[in-house]
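What follows is a single structure, written as structure tokens, with notes after it.
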2 protein chains.
Amino acid sequence: MKIYLAGPEVFLPNAVEMGAAKKALCAHYGFEGLYPLDSELDAGQLDDGAEDPRQLAFAISYGNEGLIQQADVIIANLTPFRGVSADVGTVYELGLARGLGKQLLAYSNDPRPFADRTMALYGAAESLFGRDEQQPLRDHDGLSVEDFGLHDNLMIEGGIRLAAGRFMIRNVADGERYTDLTAFEELLRWLADAPR
Amino acid sequence: MKIYLAGPEVFLPNAVEMGAAKKALCAHYGFEGLYPLDSELDAGQLDDGAEDPRQLAFAISYGNEGLIQQADVIIANLTPFRGVSADVGTVYELGLARGLGKQLLAYSNDPRPFADRTMALYGAAESLFGRDEQQPLRDHDGLSVEDFGLHDNLMIEGGIRLAAGRFMIRNVADGERYTDLTAFEELLRWLADAPR
């Protein structure tokens, strides 16, 4: 069983080591992990010296979509990235996997609900808009804030649910949000124990 | 031909009017627009009085995925939303549409490249990391910043390209970023003129 390892780890200074650690955990539970940088490295060799950097980006995209097509399962790291929500690259990949009928597993290392995170970063300076049962929650621009008690935009957790997938939330120390693999390993253990 | 109208308009105070305007433009060019709030309103009627607000969120997600399955084309508004990147709900829907083999069209009303927007919001306070040919661009946390000259994370524009879609970027006044429909209409005109 092949698992595509989606997440913002690819932006860490130790991105390659993080991929190796995730793949080793996959192997420990009897799975093969496919890591985005696998195709990136190939693409880098392929396009070395290309004039237009976009060509390299498109080669990476092509490689990653190929890995997702090969995979049976995606495990997406949905820990908030540079702001309120998950990394958009990871979210695109989750949607793609949903459209392709893959099994969807995901985790986040930040337990705060979406509405709380959004209001903390983008809430109104004056509490013109509080949590009024009659009025939707709004940010400082007057844009409504989803307030369903979910972890992120409803399409994300909704899609995982529609795919009969699993979403695991953990609280880890701030400095370990992108590196802690406890929730990731719990999903692998769950997958290994699941009947199939 | 049915077009799913993905975008953060649904969070505007005049979300319903924005949807009506987009659907009217679709009709003008001979298409049927499907707007996320169409299913949300149904779901709201369905789940009125539900105890758990997550049930309403999941009903909306189910409705929207159904609209995307019905659609032939998605037009995604990828204008940056609350931060550096596009709205994650819209990005999930774009990925889903890609996986389902739909035609992908998208636009943004903010012309700045991803790297510029990211460094403006998350760049290092001291320019420890500049644009050095030998070193990847990094944010204030040391996380690398994609610097390919693209508009957002490479999976997004890469996916549109792999689907032989079209991505249109326009510059509009700050106050009209979420409401200007010029790029949206240009995509409709392009679609109406495309051979099929």
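Each chain in the structure tokens gets a letter, A, B, ..., in the order shown, and its residues are numbered from 1; ligands are numbered from 1 in order too.
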Interface residues on chain A facing chain B, 6 Å, only C-alpha atoms, written as JSON, numbers by chain: {"A": [11, 12, 53, 54, 57, 58, 61, 88, 89, 91, 92, 95, 96, 99, 100, 143, 144, 148, 153, 154, 155, 158]}
Deliver the residues from the most recent selection as a file, using C-alpha atoms, as a PDB file, in the first residue's frame.
```pdb
ATOM      1  CA  PHE A  11       9.602  23.920   3.253  1.00  0.00           C
ATOM      2  CA  LEU A  12      11.648  23.083   6.358  1.00  0.00           C
ATOM      3  CA  PRO A  53      11.994  28.829 -13.170  1.00  0.00           C
ATOM      4  CA  ARG A  54       8.324  28.138 -13.824  1.00  0.00           C
ATOM      5  CA  ALA A  57       7.799  24.364 -10.756  1.00  0.00           C
ATOM      6  CA  PHE A  58       5.565  22.720 -13.368  1.00  0.00           C
ATOM      7  CA  SER A  61       3.722  19.682  -9.929  1.00  0.00           C
ATOM      8  CA  VAL A  88      -2.647  25.453   0.181  1.00  0.00           C
ATOM      9  CA  GLY A  89      -0.403  23.025  -1.704  1.00  0.00           C
ATOM     10  CA  VAL A  91      -5.013  21.247   0.538  1.00  0.00           C
ATOM     11  CA  TYR A  92      -4.918  21.095  -3.277  1.00  0.00           C
ATOM     12  CA  GLY A  95      -8.788  17.695  -2.946  1.00  0.00           C
ATOM     13  CA  LEU A  96      -7.071  15.960  -5.856  1.00  0.00           C
ATOM     14  CA  GLY A  99     -11.426  13.456  -6.675  1.00  0.00           C
ATOM     15  CA  LEU A 100      -9.316  10.415  -7.538  1.00  0.00           C
ATOM     16  CA  LEU A 143     -15.980  38.968   5.996  1.00  0.00           C
ATOM     17  CA  SER A 144     -17.799  36.127   7.713  1.00  0.00           C
ATOM     18  CA  PHE A 148     -18.880  25.431  13.049  1.00  0.00           C
ATOM     19  CA  ASN A 153     -12.527  25.530   6.125  1.00  0.00           C
ATOM     20  CA  LEU A 154     -15.493  23.143   6.064  1.00  0.00           C
ATOM     21  CA  MET A 155     -14.646  21.704   2.641  1.00  0.00           C
ATOM     22  CA  GLY A 158     -16.110  17.703   5.148  1.00  0.00           C
TER      23      GLY A 158
END
```
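The smallest atom-to-atom distance between Leu104 of chain B and any of B:Gly30, B:Gly165, B:Gly63, B:Pro195, using only C-alpha atoms, is found for B:Gly165.
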How close does each residue of segment 10-93 of chain A get to segment 105-115 of chain A, giving the shortest atom pair and distance in Å to one decimal for every residue with an atom at most 9 Å away, counting only C-alpha atoms, sorted by chain and residue number, as a tab-separated table?
```
residue	atom	partner	partner_atom	distance
A:Val73	CA	A:Leu105	CA	7.3
A:Ile74	CA	A:Leu105	CA	6.0
A:Ile75	CA	A:Leu105	CA	4.6
A:Ala76	CA	A:Ala106	CA	4.5
A:Asn77	CA	A:Tyr107	CA	5.3
A:Leu78	CA	A:Ser108	CA	4.9
A:Thr79	CA	A:Ser108	CA	4.2
A:Pro80	CA	A:Asp110	CA	7.1
A:Val84	CA	A:Phe114	CA	7.2
A:Ser85	CA	A:Phe114	CA	7.7
A:Ala86	CA	A:Ser108	CA	8.7
```
Output C-alpha atoms for every residue in the selection just made, as a short mmCIF file (atom, residue, chain, number, x, y, z; two decimals), in the first residue's frame.
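Writing done, so here's out_17.cif:
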```cif
data_model
loop_
_atom_site.label_atom_id
_atom_site.label_comp_id
_atom_site.auth_asym_id
_atom_site.auth_seq_id
_atom_site.Cartn_x
_atom_site.Cartn_y
_atom_site.Cartn_z
CA VAL A 73 -3.83 6.74 0.57
CA ILE A 74 -2.90 10.35 1.29
CA ILE A 75 -1.83 11.46 4.78
CA ALA A 76 -2.02 15.26 4.80
CA ASN A 77 -0.37 17.42 7.45
CA LEU A 78 -2.99 20.17 7.88
CA THR A 79 -1.17 22.02 10.67
CA PRO A 80 -1.80 25.75 10.02
CA VAL A 84 -4.91 30.70 9.74
CA SER A 85 -5.24 27.69 7.44
CA ALA A 86 -3.36 24.67 6.22
#
```
Would you mind telling me which residue in A:Arg189, A:Met18, A:Leu5, A:Glu51 lies nearest to Leu34 of chain A when using only C-alpha atoms?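 Ranking A:Arg189, A:Met18, A:Leu5, A:Glu51 by distance to Leu34 of chain A, first place goes to A:Leu5.
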Please give the complete set of residues from segment 1-166 of chain B that DSSP, run on the backbone, assigns to strand (DSSP E), formatted as a ChimeraX atom specification. /B:2-6,32-34,73-77,103-108,166
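Take atom CA of Phe31 of chain A and atom CA of Ala173 of chain A: the distance between them is 28.1 Å.
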What is the distance between atom CA of Tyr35 of chain A and atom CA of Lys23 of chain A, in Å to one decimal?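 Between atom CA of Tyr35 of chain A and atom CA of Lys23 of chain A the gap is 7.6 Å.
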Extract the full set of helix (DSSP H, G or I) residues from chain A according to DSSP on the backbone, and format it as a ChimeraX atom specification. /A:8-11,15-28,36-46,53-70,88-99,114-122,154-162,174-176,182-193
Could you work out how far atom CA of Gly66 of chain A lies from atom CA of Ser39 of chain A, giving the answer in Å with one decimal?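 Calculated distance between atom CA of Ser39 of chain A and atom CA of Gly66 of chain A is 8.8 Å.
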